[in-house]
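*Asks:* Handing over work-v5.cif, mmCIF, N, CA and C atoms.
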data_structure
loop_
_atom_site.group_PDB
_atom_site.id
_atom_site.type_symbol
_atom_site.label_atom_id
_atom_site.label_comp_id
_atom_site.auth_asym_id
_atom_site.auth_seq_id
_atom_site.Cartn_x
_atom_site.Cartn_y
_atom_site.Cartn_z
ATOM 1 N N MET A 17 0.845 -1.179 0.000
ATOM 2 C CA MET A 17 0.000 0.000 0.000
ATOM 3 C C MET A 17 0.891 1.244 0.000
ATOM 4 N N HIS A 18 0.515 2.226 -0.786
ATOM 5 C CA HIS A 18 1.247 3.478 -0.840
ATOM 6 C C HIS A 18 1.100 4.197 0.492
ATOM 7 N N ARG A 19 2.169 4.833 0.947
ATOM 8 C CA ARG A 19 2.172 5.445 2.275
ATOM 9 C C ARG A 19 1.133 6.544 2.418
ATOM 10 N N SER A 20 0.782 7.257 1.337
ATOM 11 C CA SER A 20 -0.211 8.323 1.451
ATOM 12 C C SER A 20 -1.618 7.757 1.624
ATOM 13 N N LYS A 21 -1.768 6.443 1.460
ATOM 14 C CA LYS A 21 -3.067 5.789 1.688
ATOM 15 C C LYS A 21 -3.295 5.528 3.176
ATOM 16 N N MET A 22 -2.284 5.822 3.984
ATOM 17 C CA MET A 22 -2.385 5.642 5.432
ATOM 18 C C MET A 22 -3.527 6.505 5.962
ATOM 19 N N LEU A 23 -4.225 5.972 6.940
ATOM 20 C CA LEU A 23 -5.291 6.738 7.559
ATOM 21 C C LEU A 23 -4.707 7.897 8.364
ATOM 22 N N LEU A 24 -5.392 9.018 8.328
ATOM 23 C CA LEU A 24 -4.961 10.182 9.091
ATOM 24 C C LEU A 24 -4.829 9.839 10.571
ATOM 25 N N SER A 25 -5.787 9.114 11.109
ATOM 26 C CA SER A 25 -5.738 8.765 12.539
ATOM 27 C C SER A 25 -4.529 7.872 12.844
ATOM 28 N N ASP A 26 -4.174 6.965 11.921
ATOM 29 C CA ASP A 26 -2.997 6.112 12.132
ATOM 30 C C ASP A 26 -1.713 6.948 12.114
ATOM 31 N N TRP A 27 -1.609 7.882 11.150
ATOM 32 C CA TRP A 27 -0.424 8.737 11.101
ATOM 33 C C TRP A 27 -0.342 9.582 12.368
ATOM 34 N N PHE A 28 -1.477 10.122 12.795
ATOM 35 C CA PHE A 28 -1.472 10.961 13.977
ATOM 36 C C PHE A 28 -1.008 10.174 15.202
ATOM 37 N N LYS A 29 -1.401 8.916 15.298
ATOM 38 C CA LYS A 29 -0.954 8.071 16.414
ATOM 39 C C LYS A 29 0.561 7.858 16.347
ATOM 40 N N LEU A 30 1.090 7.605 15.158
ATOM 41 C CA LEU A 30 2.543 7.449 15.005
ATOM 42 C C LEU A 30 3.270 8.742 15.365
ATOM 43 N N TYR A 31 2.721 9.842 14.910
ATOM 44 C CA TYR A 31 3.328 11.138 15.199
ATOM 45 C C TYR A 31 3.291 11.415 16.702
ATOM 46 N N PHE A 32 2.193 11.054 17.343
ATOM 47 C CA PHE A 32 2.052 11.247 18.786
ATOM 48 C C PHE A 32 3.130 10.479 19.545
ATOM 49 N N VAL A 33 3.442 9.270 19.098
ATOM 50 C CA VAL A 33 4.487 8.465 19.751
ATOM 51 C C VAL A 33 5.817 9.220 19.707
ATOM 52 N N GLN A 34 6.083 9.925 18.618
ATOM 53 C CA GLN A 34 7.316 10.706 18.505
ATOM 54 C C GLN A 34 7.351 11.839 19.530
ATOM 55 N N LYS A 35 6.188 12.289 19.964
ATOM 56 C CA LYS A 35 6.086 13.412 20.895
ATOM 57 C C LYS A 35 6.019 12.955 22.356
ATOM 58 N N GLN A 36 6.178 11.666 22.613
ATOM 59 C CA GLN A 36 6.025 11.137 23.963
ATOM 60 C C GLN A 36 6.965 11.770 24.977
ATOM 61 N N GLY A 37 8.137 12.208 24.574
ATOM 62 C CA GLY A 37 9.077 12.791 25.517
ATOM 63 C C GLY A 37 8.762 14.232 25.880
ATOM 64 N N LYS A 38 7.766 14.799 25.250
ATOM 65 C CA LYS A 38 7.420 16.203 25.494
ATOM 66 C C LYS A 38 6.638 16.332 26.791
ATOM 67 N N SER A 39 6.268 17.530 27.126
ATOM 68 C CA SER A 39 5.554 17.794 28.380
ATOM 69 C C SER A 39 4.213 17.059 28.436
ATOM 70 N N LYS A 40 3.743 16.816 29.640
ATOM 71 C CA LYS A 40 2.459 16.135 29.814
ATOM 72 C C LYS A 40 1.328 16.954 29.218
ATOM 73 N N GLY A 41 1.434 18.275 29.303
ATOM 74 C CA GLY A 41 0.412 19.148 28.726
ATOM 75 C C GLY A 41 0.330 18.990 27.219
ATOM 76 N N LEU A 42 1.490 18.934 26.568
ATOM 77 C CA LEU A 42 1.524 18.755 25.124
ATOM 78 C C LEU A 42 1.007 17.372 24.742
ATOM 79 N N GLN A 43 1.366 16.361 25.517
ATOM 80 C CA GLN A 43 0.869 15.012 25.254
ATOM 81 C C GLN A 43 -0.653 14.975 25.343
ATOM 82 N N ALA A 44 -1.213 15.620 26.355
ATOM 83 C CA ALA A 44 -2.670 15.664 26.506
ATOM 84 C C ALA A 44 -3.300 16.403 25.333
ATOM 85 N N GLN A 45 -2.657 17.456 24.888
ATOM 86 C CA GLN A 45 -3.171 18.226 23.752
ATOM 87 C C GLN A 45 -3.202 17.364 22.491
ATOM 88 N N PHE A 46 -2.158 16.588 22.257
ATOM 89 C CA PHE A 46 -2.131 15.707 21.087
ATOM 90 C C PHE A 46 -3.163 14.595 21.206
ATOM 91 N N ARG A 47 -3.312 14.032 22.392
ATOM 92 C CA ARG A 47 -4.333 12.987 22.593
ATOM 93 C C ARG A 47 -5.725 13.527 22.292
ATOM 94 N N PHE A 48 -6.008 14.727 22.784
ATOM 95 C CA PHE A 48 -7.335 15.292 22.565
ATOM 96 C C PHE A 48 -7.517 15.718 21.113
ATOM 97 N N THR A 49 -6.463 16.150 20.464
ATOM 98 C CA THR A 49 -6.563 16.476 19.039
ATOM 99 C C THR A 49 -6.942 15.233 18.246
ATOM 100 N N LEU A 50 -6.333 14.100 18.570
ATOM 101 C CA LEU A 50 -6.697 12.845 17.899
ATOM 102 C C LEU A 50 -8.174 12.538 18.135
ATOM 103 N N TYR A 51 -8.639 12.701 19.358
ATOM 104 C CA TYR A 51 -10.057 12.494 19.672
ATOM 105 C C TYR A 51 -10.930 13.405 18.805
ATOM 106 N N LEU A 52 -10.553 14.677 18.691
ATOM 107 C CA LEU A 52 -11.337 15.625 17.884
ATOM 108 C C LEU A 52 -11.320 15.253 16.402
ATOM 109 N N ILE A 53 -10.171 14.817 15.911
ATOM 110 C CA ILE A 53 -10.077 14.386 14.508
ATOM 111 C C ILE A 53 -11.038 13.225 14.271
ATOM 112 N N GLU A 54 -11.036 12.266 15.186
ATOM 113 C CA GLU A 54 -11.912 11.103 15.036
ATOM 114 C C GLU A 54 -13.380 11.500 15.164
ATOM 115 N N GLN A 55 -13.694 12.458 16.022
ATOM 116 C CA GLN A 55 -15.067 12.941 16.143
ATOM 117 C C GLN A 55 -15.496 13.661 14.868
ATOM 118 N N TYR A 56 -14.585 14.422 14.299
ATOM 119 C CA TYR A 56 -14.890 15.190 13.094
ATOM 120 C C TYR A 56 -15.022 14.309 11.859
ATOM 121 N N SER A 57 -14.098 13.356 11.709
ATOM 122 C CA SER A 57 -14.021 12.646 10.430
ATOM 123 C C SER A 57 -14.159 11.137 10.526
ATOM 124 N N GLY A 58 -14.222 10.605 11.729
ATOM 125 C CA GLY A 58 -14.213 9.158 11.852
ATOM 126 C C GLY A 58 -12.809 8.636 11.625
ATOM 127 N N ASN A 59 -12.697 7.368 11.367
ATOM 128 C CA ASN A 59 -11.387 6.742 11.173
ATOM 129 C C ASN A 59 -11.144 6.342 9.728
ATOM 130 N N LYS A 60 -11.845 6.957 8.795
ATOM 131 C CA LYS A 60 -11.743 6.506 7.414
ATOM 132 C C LYS A 60 -11.061 7.503 6.481
ATOM 133 N N VAL A 61 -10.584 8.620 7.003
ATOM 134 C CA VAL A 61 -9.943 9.630 6.161
ATOM 135 C C VAL A 61 -8.478 9.282 5.979
ATOM 136 N N ARG A 62 -8.068 9.218 4.735
ATOM 137 C CA ARG A 62 -6.671 8.923 4.415
ATOM 138 C C ARG A 62 -5.874 10.227 4.368
ATOM 139 N N LEU A 63 -4.597 10.128 4.640
ATOM 140 C CA LEU A 63 -3.733 11.303 4.554
ATOM 141 C C LEU A 63 -3.840 11.971 3.190
ATOM 142 N N SER A 64 -3.925 11.175 2.149
ATOM 143 C CA SER A 64 -3.992 11.731 0.800
ATOM 144 C C SER A 64 -5.298 12.479 0.544
ATOM 145 N N ASP A 65 -6.318 12.269 1.395
ATOM 146 C CA ASP A 65 -7.594 12.964 1.248
ATOM 147 C C ASP A 65 -7.647 14.270 2.033
ATOM 148 N N VAL A 66 -6.638 14.521 2.846
ATOM 149 C CA VAL A 66 -6.621 15.746 3.645
ATOM 150 C C VAL A 66 -6.199 16.894 2.737
ATOM 151 N N ASP A 67 -7.090 17.850 2.602
ATOM 152 C CA ASP A 67 -6.833 19.014 1.765
ATOM 153 C C ASP A 67 -7.273 20.272 2.509
ATOM 154 N N LYS A 68 -7.236 21.397 1.812
ATOM 155 C CA LYS A 68 -7.604 22.663 2.444
ATOM 156 C C LYS A 68 -9.035 22.617 2.969
ATOM 157 N N LYS A 69 -9.935 22.017 2.219
ATOM 158 C CA LYS A 69 -11.338 21.929 2.640
ATOM 159 C C LYS A 69 -11.457 21.130 3.945
ATOM 160 N N PHE A 70 -10.737 20.017 4.036
ATOM 161 C CA PHE A 70 -10.756 19.215 5.262
ATOM 162 C C PHE A 70 -10.235 20.041 6.435
ATOM 163 N N CYS A 71 -9.111 20.715 6.241
ATOM 164 C CA CYS A 71 -8.491 21.474 7.327
ATOM 165 C C CYS A 71 -9.374 22.635 7.782
ATOM 166 N N THR A 72 -9.965 23.368 6.838
ATOM 167 C CA THR A 72 -10.854 24.463 7.241
ATOM 168 C C THR A 72 -12.116 23.916 7.893
ATOM 169 N N GLY A 73 -12.579 22.762 7.456
ATOM 170 C CA GLY A 73 -13.725 22.114 8.090
ATOM 171 C C GLY A 73 -13.408 21.693 9.511
ATOM 172 N N PHE A 74 -12.208 21.149 9.726
ATOM 173 C CA PHE A 74 -11.793 20.759 11.074
ATOM 174 C C PHE A 74 -11.693 21.992 11.976
ATOM 175 N N LEU A 75 -11.104 23.068 11.462
ATOM 176 C CA LEU A 75 -10.999 24.294 12.248
ATOM 177 C C LEU A 75 -12.387 24.829 12.594
ATOM 178 N N ASP A 76 -13.307 24.784 11.653
ATOM 179 C CA ASP A 76 -14.681 25.218 11.923
ATOM 180 C C ASP A 76 -15.327 24.321 12.979
ATOM 181 N N TYR A 77 -15.085 23.014 12.889
ATOM 182 C CA TYR A 77 -15.651 22.070 13.854
ATOM 183 C C TYR A 77 -15.165 22.383 15.269
ATOM 184 N N VAL A 78 -13.858 22.528 15.441
ATOM 185 C CA VAL A 78 -13.343 22.763 16.790
ATOM 186 C C VAL A 78 -13.652 24.182 17.281
ATOM 187 N N SER A 79 -13.807 25.123 16.365
ATOM 188 C CA SER A 79 -14.080 26.506 16.749
ATOM 189 C C SER A 79 -15.551 26.773 17.028
ATOM 190 N N ASN A 80 -16.437 26.085 16.298
ATOM 191 C CA ASN A 80 -17.849 26.455 16.351
ATOM 192 C C ASN A 80 -18.825 25.334 16.675
ATOM 193 N N LYS A 81 -18.460 24.104 16.391
ATOM 194 C CA LYS A 81 -19.448 23.026 16.506
ATOM 195 C C LYS A 81 -19.220 22.076 17.674
ATOM 196 N N TYR A 82 -17.972 21.848 18.041
ATOM 197 C CA TYR A 82 -17.695 20.922 19.134
ATOM 198 C C TYR A 82 -18.139 21.543 20.460
ATOM 199 N N VAL A 83 -18.846 20.748 21.256
ATOM 200 C CA VAL A 83 -19.259 21.166 22.602
ATOM 201 C C VAL A 83 -18.730 20.131 23.586
ATOM 202 N N SER A 84 -18.044 20.607 24.606
ATOM 203 C CA SER A 84 -17.473 19.710 25.613
ATOM 204 C C SER A 84 -18.577 18.973 26.363
ATOM 205 N N PRO A 85 -18.479 17.636 26.441
ATOM 206 C CA PRO A 85 -19.480 16.888 27.213
ATOM 207 C C PRO A 85 -19.469 17.256 28.705
ATOM 208 N N LYS A 86 -18.303 17.659 29.220
ATOM 209 C CA LYS A 86 -18.193 18.000 30.639
ATOM 210 C C LYS A 86 -18.807 19.363 30.952
ATOM 211 N N THR A 87 -18.379 20.369 30.196
ATOM 212 C CA THR A 87 -18.793 21.736 30.505
ATOM 213 C C THR A 87 -20.022 22.186 29.740
ATOM 214 N N LYS A 88 -20.362 21.447 28.691
ATOM 215 C CA LYS A 88 -21.473 21.813 27.796
ATOM 216 C C LYS A 88 -21.217 23.150 27.099
ATOM 217 N N GLN A 89 -19.938 23.505 26.982
ATOM 218 C CA GLN A 89 -19.529 24.760 26.359
ATOM 219 C C GLN A 89 -18.660 24.479 25.137
ATOM 220 N N PRO A 90 -18.684 25.381 24.162
ATOM 221 C CA PRO A 90 -17.741 25.231 23.043
ATOM 222 C C PRO A 90 -16.321 25.554 23.512
ATOM 223 N N LEU A 91 -15.364 25.161 22.708
ATOM 224 C CA LEU A 91 -13.968 25.473 23.015
ATOM 225 C C LEU A 91 -13.716 26.960 22.792
ATOM 226 N N SER A 92 -12.786 27.514 23.551
ATOM 227 C CA SER A 92 -12.392 28.899 23.295
ATOM 228 C C SER A 92 -11.658 28.944 21.955
ATOM 229 N N LYS A 93 -11.617 30.097 21.346
ATOM 230 C CA LYS A 93 -10.921 30.251 20.057
ATOM 231 C C LYS A 93 -9.444 29.906 20.197
ATOM 232 N N PHE A 94 -8.838 30.292 21.301
ATOM 233 C CA PHE A 94 -7.427 29.987 21.543
ATOM 234 C C PHE A 94 -7.211 28.478 21.629
ATOM 235 N N THR A 95 -8.050 27.779 22.371
ATOM 236 C CA THR A 95 -7.932 26.326 22.522
ATOM 237 C C THR A 95 -8.164 25.631 21.189
ATOM 238 N N ALA A 96 -9.168 26.071 20.451
ATOM 239 C CA ALA A 96 -9.456 25.479 19.142
ATOM 240 C C ALA A 96 -8.250 25.620 18.213
ATOM 241 N N ARG A 97 -7.631 26.774 18.221
ATOM 242 C CA ARG A 97 -6.459 26.989 17.365
ATOM 243 C C ARG A 97 -5.285 26.107 17.796
ATOM 244 N N ASN A 98 -5.146 25.848 19.083
ATOM 245 C CA ASN A 98 -4.084 24.934 19.539
ATOM 246 C C ASN A 98 -4.294 23.534 18.984
ATOM 247 N N TYR A 99 -5.529 23.053 18.959
ATOM 248 C CA TYR A 99 -5.800 21.725 18.402
ATOM 249 C C TYR A 99 -5.558 21.724 16.896
ATOM 250 N N TYR A 100 -5.907 22.809 16.233
ATOM 251 C CA TYR A 100 -5.627 22.913 14.808
ATOM 252 C C TYR A 100 -4.115 22.910 14.562
ATOM 253 N N ARG A 101 -3.367 23.569 15.416
ATOM 254 C CA ARG A 101 -1.897 23.579 15.283
ATOM 255 C C ARG A 101 -1.312 22.174 15.434
ATOM 256 N N CYS A 102 -1.898 21.375 16.307
ATOM 257 C CA CYS A 102 -1.443 19.984 16.457
ATOM 258 C C CYS A 102 -1.642 19.214 15.157
ATOM 259 N N LEU A 103 -2.812 19.385 14.547
ATOM 260 C CA LEU A 103 -3.081 18.729 13.254
ATOM 261 C C LEU A 103 -2.079 19.218 12.218
ATOM 262 N N ASN A 104 -1.886 20.522 12.139
ATOM 263 C CA ASN A 104 -0.974 21.090 11.156
ATOM 264 C C ASN A 104 0.453 20.584 11.373
ATOM 265 N N SER A 105 0.854 20.466 12.619
ATOM 266 C CA SER A 105 2.181 19.948 12.946
ATOM 267 C C SER A 105 2.347 18.510 12.449
ATOM 268 N N ALA A 106 1.324 17.698 12.651
ATOM 269 C CA ALA A 106 1.375 16.304 12.188
ATOM 270 C C ALA A 106 1.420 16.237 10.662
ATOM 271 N N LEU A 107 0.695 17.118 9.997
ATOM 272 C CA LEU A 107 0.716 17.121 8.529
ATOM 273 C C LEU A 107 2.074 17.579 8.008
ATOM 274 N N ASN A 108 2.672 18.569 8.657
ATOM 275 C CA ASN A 108 4.019 18.995 8.257
ATOM 276 C C ASN A 108 5.028 17.872 8.461
ATOM 277 N N ALA A 109 4.866 17.108 9.529
ATOM 278 C CA ALA A 109 5.754 15.965 9.762
ATOM 279 C C ALA A 109 5.566 14.911 8.679
ATOM 280 N N ALA A 110 4.346 14.736 8.189
ATOM 281 C CA ALA A 110 4.095 13.780 7.100
ATOM 282 C C ALA A 110 4.794 14.235 5.817
ATOM 283 N N VAL A 111 4.875 15.532 5.595
ATOM 284 C CA VAL A 111 5.616 16.046 4.436
ATOM 285 C C VAL A 111 7.111 15.766 4.617
ATOM 286 N N ARG A 112 7.630 16.039 5.811
ATOM 287 C CA ARG A 112 9.065 15.775 6.077
ATOM 288 C C ARG A 112 9.389 14.294 5.941
ATOM 289 N N ALA A 113 8.440 13.438 6.291
ATOM 290 C CA ALA A 113 8.646 11.987 6.181
ATOM 291 C C ALA A 113 8.369 11.486 4.763
ATOM 292 N N GLU A 114 8.047 12.396 3.858
ATOM 293 C CA GLU A 114 7.764 12.095 2.457
ATOM 294 C C GLU A 114 6.567 11.179 2.271
ATOM 295 N N ILE A 115 5.613 11.294 3.192
ATOM 296 C CA ILE A 115 4.354 10.568 3.055
ATOM 297 C C ILE A 115 3.386 11.418 2.240
ATOM 298 N N LEU A 116 3.438 12.734 2.479
ATOM 299 C CA LEU A 116 2.667 13.690 1.693
ATOM 300 C C LEU A 116 3.644 14.560 0.923
ATOM 301 N N THR A 117 3.204 15.060 -0.227
ATOM 302 C CA THR A 117 4.066 15.934 -1.011
ATOM 303 C C THR A 117 3.982 17.377 -0.537
ATOM 304 N N GLN A 118 2.837 17.748 0.046
ATOM 305 C CA GLN A 118 2.663 19.114 0.556
ATOM 306 C C GLN A 118 1.596 19.138 1.638
ATOM 307 N N ASN A 119 1.661 20.175 2.466
ATOM 308 C CA ASN A 119 0.650 20.384 3.488
ATOM 309 C C ASN A 119 -0.223 21.519 3.017
#
Represent the structure of the file as structure tokens.
*Replies:*
Amino acid sequence: MHRSKMLLSDWFKLYFVQKQGKSKGLQAQFRFTLYLIEQYSGNKVRLSDVDKKFCTGFLDYVSNKYVSPKTKQPLSKFTARNYYRCLNSALNAAVRAEILTQN
């Protein structure tokens, strides 16, 4: 199978393992970003299917549509952007690993 056929959630899990030595706060942020990705898209999106529309849709989801089950509140804009940055970081790493040609 071509590497770009890898599922986004699988790549994100591999990328998260690379970040294991980072702070606990960053680890929690990456774990929750994976949860949000799976809530937004399920587990069927391939890396090769991630495009600008997907990324802007994810940003809209975390900024406007996701509601915390605990607080019953949407995420703050700052928090939503942090989760988007985690996704963007993982996509940039996929480019560096030559799995994707561009982010």
*Asks:* Neighbouring residues of Ser25 of chain A were defined as those with any atom within 7 Å, considering all atoms listed in the file; residues of the same chain fewer than 6 positions away were excluded. Please report them as a CSV table (one decimal) with N, CA and C atoms, in the frame of the given file.
*Replies:*
chain,number,residue,atom,x,y,z
A,50,LEU,N,-6.3,14.1,18.6
A,50,LEU,CA,-6.7,12.8,17.9
A,50,LEU,C,-8.2,12.5,18.1
A,54,GLU,N,-11.0,12.3,15.2
A,54,GLU,CA,-11.9,11.1,15.0
A,54,GLU,C,-13.4,11.5,15.2
A,59,ASN,N,-12.7,7.4,11.4
A,59,ASN,CA,-11.4,6.7,11.2
A,59,ASN,C,-11.1,6.3,9.7
A,60,LYS,N,-11.8,7.0,8.8
A,60,LYS,CA,-11.7,6.5,7.4
A,60,LYS,C,-11.1,7.5,6.5
A,61,VAL,N,-10.6,8.6,7.0
A,61,VAL,CA,-9.9,9.6,6.2
A,61,VAL,C,-8.5,9.3,6.0
A,62,ARG,N,-8.1,9.2,4.7
A,62,ARG,CA,-6.7,8.9,4.4
A,62,ARG,C,-5.9,10.2,4.4
A,63,LEU,N,-4.6,10.1,4.6
A,63,LEU,CA,-3.7,11.3,4.6
A,63,LEU,C,-3.8,12.0,3.2
*Asks:* What's the separation between atom N of Phe46 of chain A and atom C of Val66 of chain A, in Å to one decimal place?
*Replies:*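 Pair atom N of Phe46 of chain A / atom C of Val66 of chain A returns 19.9 Å.
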*Asks:* Between A:Arg112, A:Lys40, A:Lys21, A:Lys29, which has the minimum distance to Ser64 of chain A (counting only N, CA and C atoms)?
*Replies:* A:Lys21
*Asks:* Could you write out, as an NGL selection string, all the residues of chain A that DSSP marks as alpha helix (DSSP H)?
*Replies:* :A and (24-34 or 40-57 or 68-76 or 93-112)
*Asks:* Write out as a list in words each polymer residue whose atoms come within 12 Å of Phe48 of chain A, counting only C-alpha atoms; drop sequence neighbours fewer than 4 positions from it.
*Replies:* Phe28, Lys29, Phe32, Gly41, Leu42, Gln43, Ala44, Leu52, Ile53, Glu54, Gln55, Val78, Ser84, Thr95, Ala96, Asn98, Tyr99, Tyr100, Cys102 and Leu103 of chain A
*Asks:* Provide the atom N of Ala106 of chain A to atom C of Tyr31 of chain A distance in Å, to one decimal place.
*Replies:*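 Between atom N of Ala106 of chain A and atom C of Tyr31 of chain A the gap works out to 7.7 Å.
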*Asks:* At what distance in Å, to one decimal, does atom N of Gly58 of chain A lie from atom CA of Leu30 of chain A?
*Replies:* 17.4 Å
*Asks:* Apply DSSP to the structure's backbone, then extract all residues of chain A labelled strand (DSSP E or B) and return them as a list in words.
*Replies:*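 DSSP on the backbone gives strand (DSSP E or B) at Leu23, Arg62, Val83 and Pro90 of chain A.
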*Asks:* For Thr49 of chain A, which residue among A:Gln34, A:Thr87, A:Ser92, A:Ser105 is the nearest when counting only C-alpha atoms?
*Replies:* A:Ser105
*Asks:* Which residue gives the smallest distance to Trp27 of chain A among A:Tyr51, A:Lys88, A:Ser39, A:Leu107, with all atoms listed in the file counted?
*Replies:*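 Between A:Tyr51, A:Lys88, A:Ser39, A:Leu107, the residue approaching Trp27 of chain A most closely is A:Leu107.
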*Asks:* With distances taken over only C-alpha atoms, which of A:Lys86, A:Asp26, A:Arg47, A:Asn104 is nearest to Cys71 of chain A?
*Replies:* A:Asn104
*Asks:* Which one of A:Asp67, A:Leu24, A:Leu75, A:Ala110 sits closest to Arg97 of chain A if you count only N, CA and C atoms?
*Replies:*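 Between A:Asp67, A:Leu24, A:Leu75, A:Ala110, the residue approaching Arg97 of chain A most closely is A:Leu75.
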*Asks:* For segment 55-71 of chain A, take all atoms listed in the file, fit an axis-aligned box around them, add 6 Å to each of the six sides, then output centre and edge lengths in Å rounded to one decimal, as AutoDock Vina command-line options.
*Replies:*
--center_x -9.6 --center_y 14.5 --center_z 8.3 --size_x 23.8 --size_y 28.3 --size_z 27.6
*Asks:* Restore N, CA, C and O atoms in segment 54-66 of chain A and list the result as a PDB file, in the coordinates of the input.
*Replies:*
ATOM      1  N   GLU A  54     -11.036  12.266  15.186  1.00  0.00           N
ATOM      2  CA  GLU A  54     -11.912  11.103  15.036  1.00  0.00           C
ATOM      3  C   GLU A  54     -13.380  11.500  15.164  1.00  0.00           C
ATOM      4  O   GLU A  54     -14.230  10.957  14.459  1.00  0.00           O
ATOM      5  N   GLN A  55     -13.694  12.458  16.022  1.00  0.00           N
ATOM      6  CA  GLN A  55     -15.067  12.941  16.143  1.00  0.00           C
ATOM      7  C   GLN A  55     -15.496  13.661  14.868  1.00  0.00           C
ATOM      8  O   GLN A  55     -16.629  13.529  14.423  1.00  0.00           O
ATOM      9  N   TYR A  56     -14.585  14.422  14.299  1.00  0.00           N
ATOM     10  CA  TYR A  56     -14.890  15.190  13.094  1.00  0.00           C
ATOM     11  C   TYR A  56     -15.022  14.309  11.859  1.00  0.00           C
ATOM     12  O   TYR A  56     -15.938  14.470  11.068  1.00  0.00           O
ATOM     13  N   SER A  57     -14.098  13.356  11.709  1.00  0.00           N
ATOM     14  CA  SER A  57     -14.021  12.646  10.430  1.00  0.00           C
ATOM     15  C   SER A  57     -14.159  11.137  10.526  1.00  0.00           C
ATOM     16  O   SER A  57     -14.177  10.470   9.499  1.00  0.00           O
ATOM     17  N   GLY A  58     -14.222  10.605  11.729  1.00  0.00           N
ATOM     18  CA  GLY A  58     -14.213   9.158  11.852  1.00  0.00           C
ATOM     19  C   GLY A  58     -12.809   8.636  11.625  1.00  0.00           C
ATOM     20  O   GLY A  58     -11.839   9.382  11.665  1.00  0.00           O
ATOM     21  N   ASN A  59     -12.697   7.368  11.367  1.00  0.00           N
ATOM     22  CA  ASN A  59     -11.387   6.742  11.173  1.00  0.00           C
ATOM     23  C   ASN A  59     -11.144   6.342   9.728  1.00  0.00           C
ATOM     24  O   ASN A  59     -10.337   5.465   9.465  1.00  0.00           O
ATOM     25  N   LYS A  60     -11.845   6.957   8.795  1.00  0.00           N
ATOM     26  CA  LYS A  60     -11.743   6.506   7.414  1.00  0.00           C
ATOM     27  C   LYS A  60     -11.061   7.503   6.481  1.00  0.00           C
ATOM     28  O   LYS A  60     -10.949   7.263   5.300  1.00  0.00           O
ATOM     29  N   VAL A  61     -10.584   8.620   7.003  1.00  0.00           N
ATOM     30  CA  VAL A  61      -9.943   9.630   6.161  1.00  0.00           C
ATOM     31  C   VAL A  61      -8.478   9.282   5.979  1.00  0.00           C
ATOM     32  O   VAL A  61      -7.756   9.062   6.944  1.00  0.00           O
ATOM     33  N   ARG A  62      -8.068   9.218   4.735  1.00  0.00           N
ATOM     34  CA  ARG A  62      -6.671   8.923   4.415  1.00  0.00           C
ATOM     35  C   ARG A  62      -5.874  10.227   4.368  1.00  0.00           C
ATOM     36  O   ARG A  62      -6.419  11.284   4.084  1.00  0.00           O
ATOM     37  N   LEU A  63      -4.597  10.128   4.640  1.00  0.00           N
ATOM     38  CA  LEU A  63      -3.733  11.303   4.554  1.00  0.00           C
ATOM     39  C   LEU A  63      -3.840  11.971   3.190  1.00  0.00           C
ATOM     40  O   LEU A  63      -3.872  13.192   3.094  1.00  0.00           O
ATOM     41  N   SER A  64      -3.925  11.175   2.149  1.00  0.00           N
ATOM     42  CA  SER A  64      -3.992  11.731   0.800  1.00  0.00           C
ATOM     43  C   SER A  64      -5.298  12.479   0.544  1.00  0.00           C
ATOM     44  O   SER A  64      -5.390  13.262  -0.401  1.00  0.00           O
ATOM     45  N   ASP A  65      -6.318  12.269   1.395  1.00  0.00           N
ATOM     46  CA  ASP A  65      -7.594  12.964   1.248  1.00  0.00           C
ATOM     47  C   ASP A  65      -7.647  14.270   2.033  1.00  0.00           C
ATOM     48  O   ASP A  65      -8.607  15.026   1.915  1.00  0.00           O
ATOM     49  N   VAL A  66      -6.638  14.521   2.846  1.00  0.00           N
ATOM     50  CA  VAL A  66      -6.621  15.746   3.645  1.00  0.00           C
ATOM     51  C   VAL A  66      -6.199  16.894   2.737  1.00  0.00           C
ATOM     52  O   VAL A  66      -5.119  16.881   2.157  1.00  0.00           O
TER      53      VAL A  66
END
